[in-house]
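Heads up, model.txt below (compact mmCIF, C-alpha atoms):
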# COMPACT_ATOMS: atom_id res chain seq x y z
CA MET R 215 64.06 -1.02 -44.12
CA ARG R 216 61.14 -2.56 -42.20
CA GLN R 217 58.47 -0.10 -41.13
CA VAL R 218 57.35 -0.25 -37.52
CA LYS R 219 53.67 0.41 -37.02
CA LEU R 220 53.27 2.80 -34.12
CA PRO R 221 50.22 2.54 -31.88
CA HIS R 222 47.48 5.01 -32.67
CA LEU R 223 47.85 8.15 -30.62
CA PRO R 224 44.69 10.14 -30.10
CA SER R 225 44.50 13.50 -31.76
CA ASP R 226 43.78 16.65 -29.75
CA VAL R 227 40.15 16.44 -30.87
CA GLU R 228 39.85 12.79 -29.83
CA ALA R 229 41.50 13.52 -26.48
CA ARG R 230 39.07 16.34 -25.81
CA GLN R 231 36.16 14.10 -26.75
CA SER R 232 37.45 11.41 -24.38
CA ASP R 233 37.80 13.93 -21.54
CA LEU R 234 34.30 15.20 -22.28
CA LEU R 235 32.85 11.70 -22.16
CA THR R 236 34.66 11.05 -18.87
CA ASP R 237 33.29 14.29 -17.38
CA LEU R 238 29.79 13.43 -18.56
CA TRP R 239 30.06 9.96 -17.00
CA TYR R 240 31.12 11.37 -13.64
CA LYS R 241 28.43 14.04 -13.75
CA GLY R 242 25.86 11.39 -14.62
CA LYS R 243 27.08 9.24 -11.75
CA GLU R 244 26.85 12.19 -9.32
CA THR R 245 23.34 12.98 -10.56
CA GLN R 246 22.28 9.36 -10.07
CA ILE R 247 23.70 9.30 -6.54
CA LYS R 248 21.85 12.53 -5.70
CA ARG R 249 18.65 11.08 -7.20
CA ASP R 250 19.08 7.87 -5.21
CA ASN R 251 19.60 9.88 -2.02
CA GLN R 252 16.53 11.98 -2.77
CA GLU R 253 14.43 8.88 -3.41
CA LYS R 254 15.76 7.32 -0.20
CA ARG R 255 14.75 10.41 1.76
CA ILE R 256 11.33 10.39 0.12
CA ARG R 257 10.82 6.74 1.01
CA MET R 258 12.18 7.16 4.53
CA LYS R 259 9.45 8.54 6.76
CA ASN R 260 10.81 9.46 10.17
CA ILE R 261 7.88 10.51 12.31
CA VAL R 262 7.62 12.19 15.70
CA ILE R 263 4.45 10.96 17.44
CA PHE R 264 3.35 13.63 19.87
CA GLY R 265 0.68 14.04 22.50
CA ALA R 266 -0.10 14.21 26.19
CA PRO R 267 0.03 11.15 28.45
CA GLY R 268 -2.96 8.96 27.59
CA SER R 269 -3.38 10.39 24.07
CA GLY R 270 -2.84 6.99 22.45
CA LYS R 271 0.70 7.41 21.11
CA GLY R 272 1.66 3.80 21.86
CA THR R 273 -1.46 2.32 20.30
CA GLN R 274 -1.22 4.38 17.12
CA SER R 275 2.53 3.72 16.89
CA ASP R 276 1.81 -0.03 16.93
CA LEU R 277 -0.68 0.39 14.08
CA MET R 278 1.82 2.42 12.03
CA ILE R 279 4.56 -0.14 12.65
CA GLU R 280 2.31 -2.95 11.45
CA HIS R 281 0.98 -1.06 8.43
CA TYR R 282 4.12 0.72 7.20
CA GLY R 283 6.94 -1.42 8.57
CA LEU R 284 8.44 1.49 10.48
CA GLY R 285 10.91 1.19 13.32
CA HIS R 286 10.03 2.46 16.79
CA ILE R 287 12.21 4.32 19.26
CA SER R 288 10.60 4.90 22.66
CA THR R 289 12.87 6.79 25.05
CA GLY R 290 11.62 4.82 28.04
CA ASP R 291 12.16 1.45 26.35
CA VAL R 292 15.57 2.51 25.03
CA LEU R 293 16.80 3.67 28.43
CA ARG R 294 15.60 0.51 30.16
CA SER R 295 17.28 -1.62 27.48
CA GLU R 296 20.63 0.21 27.65
CA ILE R 297 20.65 0.06 31.46
CA LYS R 298 19.69 -3.64 31.47
CA LYS R 299 22.43 -4.50 28.95
CA GLY R 300 24.97 -2.59 31.02
CA THR R 301 26.34 -0.55 28.12
CA GLU R 302 28.55 2.45 28.84
CA LEU R 303 25.73 4.77 27.80
CA GLY R 304 23.33 2.77 29.98
CA LYS R 305 25.62 3.01 33.01
CA LEU R 306 25.96 6.74 32.52
CA ALA R 307 22.18 7.15 32.16
CA ALA R 308 21.62 5.06 35.30
CA SER R 309 23.97 7.30 37.29
CA TYR R 310 21.75 10.29 36.50
CA ILE R 311 18.51 8.44 37.16
CA ASP R 312 19.75 6.92 40.44
CA GLY R 313 20.79 10.38 41.56
CA GLY R 314 17.33 11.73 40.88
CA ASN R 315 18.54 13.91 38.01
CA LEU R 316 17.29 14.39 34.48
CA ILE R 317 19.36 12.82 31.72
CA PRO R 318 21.22 15.55 29.79
CA ASP R 319 20.02 16.14 26.24
CA ASP R 320 23.41 15.32 24.70
CA LEU R 321 23.47 11.92 26.41
CA MET R 322 19.89 11.17 25.39
CA ILE R 323 20.56 12.05 21.76
CA SER R 324 23.69 9.86 21.80
CA ILE R 325 21.62 6.92 23.00
CA LEU R 326 18.92 7.55 20.38
CA ALA R 327 21.55 7.93 17.64
CA LYS R 328 22.99 4.53 18.55
CA VAL R 329 19.56 2.90 18.30
CA TYR R 330 18.70 4.78 15.09
CA ASP R 331 21.96 3.70 13.44
CA GLY R 332 21.11 0.12 14.40
CA TYR R 333 18.32 0.14 11.81
CA GLY R 334 20.90 0.48 9.02
CA ARG R 335 20.71 2.68 5.95
CA GLY R 336 17.85 0.97 4.15
CA HIS R 337 15.07 1.32 6.72
CA LYS R 338 11.65 2.75 5.87
CA GLY R 339 11.65 5.22 8.74
CA VAL R 340 11.39 5.40 12.50
CA ILE R 341 8.72 6.59 14.91
CA PHE R 342 10.18 8.73 17.71
CA ASP R 343 7.96 8.21 20.74
CA GLY R 344 8.59 10.30 23.85
CA PHE R 345 11.31 12.38 22.22
CA PRO R 346 11.71 15.26 21.71
CA ARG R 347 10.06 16.82 24.74
CA THR R 348 11.61 20.27 24.48
CA ILE R 349 12.68 22.63 21.71
CA PRO R 350 16.43 22.05 22.37
CA GLN R 351 15.80 18.31 22.03
CA ALA R 352 13.95 18.89 18.74
CA GLU R 353 16.89 20.92 17.45
CA ALA R 354 19.32 18.17 18.56
CA LEU R 355 17.22 15.51 16.82
CA LYS R 356 17.14 17.57 13.63
CA GLN R 357 20.93 17.94 13.70
CA MET R 358 21.51 14.24 14.44
CA LEU R 359 19.36 13.18 11.48
CA SER R 360 20.86 15.86 9.22
CA GLU R 361 24.35 14.50 9.89
CA ARG R 362 23.10 11.21 8.39
CA GLY R 363 21.40 12.84 5.42
CA ASP R 364 17.98 12.19 6.95
CA LYS R 365 15.21 14.29 8.45
CA VAL R 366 11.90 14.24 10.31
CA ALA R 367 9.12 13.90 7.74
CA ALA R 368 6.24 14.77 10.07
CA MET R 369 5.32 15.56 13.64
CA ILE R 370 1.89 14.02 14.26
CA GLU R 371 0.06 15.50 17.23
CA LEU R 372 -2.70 13.46 18.84
CA ASP R 373 -4.99 16.05 20.43
CA VAL R 374 -7.32 14.75 23.16
CA PRO R 375 -9.44 16.85 25.58
CA GLU R 376 -7.95 16.91 29.08
CA GLU R 377 -11.07 15.41 30.71
CA GLU R 378 -10.78 12.42 28.38
CA LEU R 379 -7.05 12.08 29.12
CA VAL R 380 -7.71 11.96 32.86
CA GLN R 381 -10.42 9.31 32.43
CA ARG R 382 -8.20 7.18 30.18
CA LEU R 383 -5.26 7.32 32.58
CA ILE R 384 -7.37 6.53 35.64
CA LYS R 385 -8.85 3.54 33.80
CA ARG R 386 -5.34 2.47 32.74
CA GLY R 387 -4.21 2.70 36.34
CA LYS R 388 -7.06 0.47 37.51
CA ASP R 389 -6.48 -2.06 34.72
CA SER R 390 -2.71 -2.24 35.11
CA GLY R 391 -2.33 -1.52 38.80
CA ARG R 392 0.01 1.40 38.07
CA ALA R 393 0.22 3.43 41.25
CA ASP R 394 1.22 6.60 39.37
CA ASP R 395 -2.05 6.70 37.41
CA ASN R 396 -4.09 8.44 40.11
CA GLU R 397 -5.94 11.70 39.57
CA GLU R 398 -3.53 13.92 41.52
CA THR R 399 -0.41 12.58 39.77
CA ILE R 400 -2.14 12.64 36.39
CA LYS R 401 -2.99 16.33 36.69
CA LYS R 402 0.61 17.13 37.65
CA ARG R 403 1.91 15.25 34.60
CA LEU R 404 -0.52 17.09 32.33
CA MET R 405 0.57 20.41 33.85
CA VAL R 406 4.20 19.57 33.04
CA TYR R 407 3.18 18.60 29.52
CA HIS R 408 1.38 21.88 28.87
CA SER R 409 4.15 24.05 30.29
CA GLN R 410 7.26 22.28 28.99
CA THR R 411 6.35 20.08 26.04
CA GLN R 412 3.48 21.77 24.24
CA PRO R 413 5.66 24.65 22.91
CA LEU R 414 7.06 22.06 20.50
CA ILE R 415 3.84 22.38 18.50
CA ALA R 416 4.71 25.97 17.55
CA TRP R 417 8.31 24.94 16.74
CA TYR R 418 7.23 22.15 14.39
CA LYS R 419 4.64 24.44 12.79
CA LYS R 420 7.49 26.81 11.88
CA GLU R 421 9.33 23.82 10.42
CA GLY R 422 6.26 23.02 8.33
CA LEU R 423 6.07 19.52 9.82
CA HIS R 424 3.15 19.74 12.26
CA PHE R 425 0.02 17.69 11.58
CA HIS R 426 -2.94 17.88 13.95
CA ILE R 427 -5.02 14.73 14.53
CA ASN R 428 -8.20 14.62 16.58
CA GLY R 429 -7.26 11.86 19.02
CA HIS R 430 -10.76 11.54 20.49
CA GLY R 431 -12.82 8.83 18.81
CA THR R 432 -12.49 5.30 17.50
CA LEU R 433 -9.05 3.77 16.89
CA GLU R 434 -10.02 3.11 13.28
CA ARG R 435 -11.00 6.73 12.54
CA ILE R 436 -7.89 8.11 14.26
CA PHE R 437 -5.59 5.75 12.38
CA SER R 438 -7.35 6.56 9.10
CA ASP R 439 -6.56 10.24 9.67
CA ILE R 440 -2.92 9.35 10.44
CA GLN R 441 -2.72 7.31 7.22
CA LYS R 442 -3.80 10.33 5.20
CA VAL R 443 -0.85 12.24 6.65
CA VAL R 444 1.75 9.49 6.28
CA ASP R 445 0.67 8.57 2.75
CA ASN R 446 1.16 12.16 1.60
CA ILE R 447 4.54 13.06 3.12

Could the structure of this file be written out as structure tokens, please?
Amino acid sequence: MRQVKLPHLPSDVEARQSDLLTDLWYKGKETQIKRDNQEKRIRMKNIVIFGAPGSGKGTQSDLMIEHYGLGHISTGDVLRSEIKKGTELGKLAASYIDGGNLIPDDLMISILAKVYDGYGRGHKGVIFDGFPRTIPQAEALKQMLSERGDKVAAMIELDVPEEELVQRLIKRGKDSGRADDNEETIKKRLMVYHSQTQPLIAWYKKEGLHFHINGHGTLERIFSDIQKVVDNI
């Protein structure tokens, strides 16, 4: 009678070893994914650039973009772009602006989220310029980024004495011909900043993300101080 050779069936010990190896592989894979996500978050440096009108946010943002390869989201630029392109969000934003009303926070965060997502998942980080302006907006930004596994790495405050701010803005008005850069309007804008926007400093201090920069001095010295912050977050 011819013997039929049966395929090898794993013993209970071998089966347990196989299951153990499979579990270890999956756990190793999960650990690697978590490590990759952690490294991505470490590399990604989302920064809120903060300061009064005339504090140099735009200039220092340009230097950071050039040096670090960061993206840049300016609320004013974003709104103008969405309205010009005639997107649904842009049309909705225009309806508020044309009616003389402020854009609701939820609409603004939706617009910013769309632009932020446009950078893809591999970006080095984004500079948020002109947003947030209030604590509810800061909380909404934190939630929006958290939903994507991201976060704000630092809020950099450019602190400039008010007399210097007024002089800078008046000079800017003369150089650019901007009618809104006159002394009366400037002082009103600074008053709004101090009453509505400055409380964000205390909020970001509680978050452990506030970094104070003396914004009065040469561009080189100011940017050098910013580099020290960015390089260590």

> Which is closest to R:Gly363 among R:Arg335, R:Gly290, R:Leu383, R:Gly314, if we use all atoms listed in the file?
Replying inline: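 Smallest separation from R:Gly363 among the options: R:Arg335.
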
>> Give me the residues near R:Gln412 as a PyMOL selection string, where near means some atom within 9 Å (using all atoms listed in the file) and where sequence neighbours in that chain fewer than 5 positions away do not count.
In response: chain R and resi 265-266+347-348+407

>> Can you pull out the residues contacting stretch 276-286 of chain R? Cut-off 10 Å, using all atoms listed in the file, and skip same-chain residues under 6 positions away; I want them as a count of residues only.
In response: 22

> Can you list, as a ChimeraX atom specification, every protein, DNA or RNA residue that comes within 10 Å of stretch 403-405 of chain R when you count only C-alpha atoms, leaving out same-chain residues fewer than 5 positions away?
Replying inline: /R:266-268,376,379-380,394-395,397-398,410-411

> How far is it from atom CA of R:Val406 to atom CA of R:Arg382, in Å with one decimal?
Replying inline: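 Those two atoms sit 17.8 Å apart.
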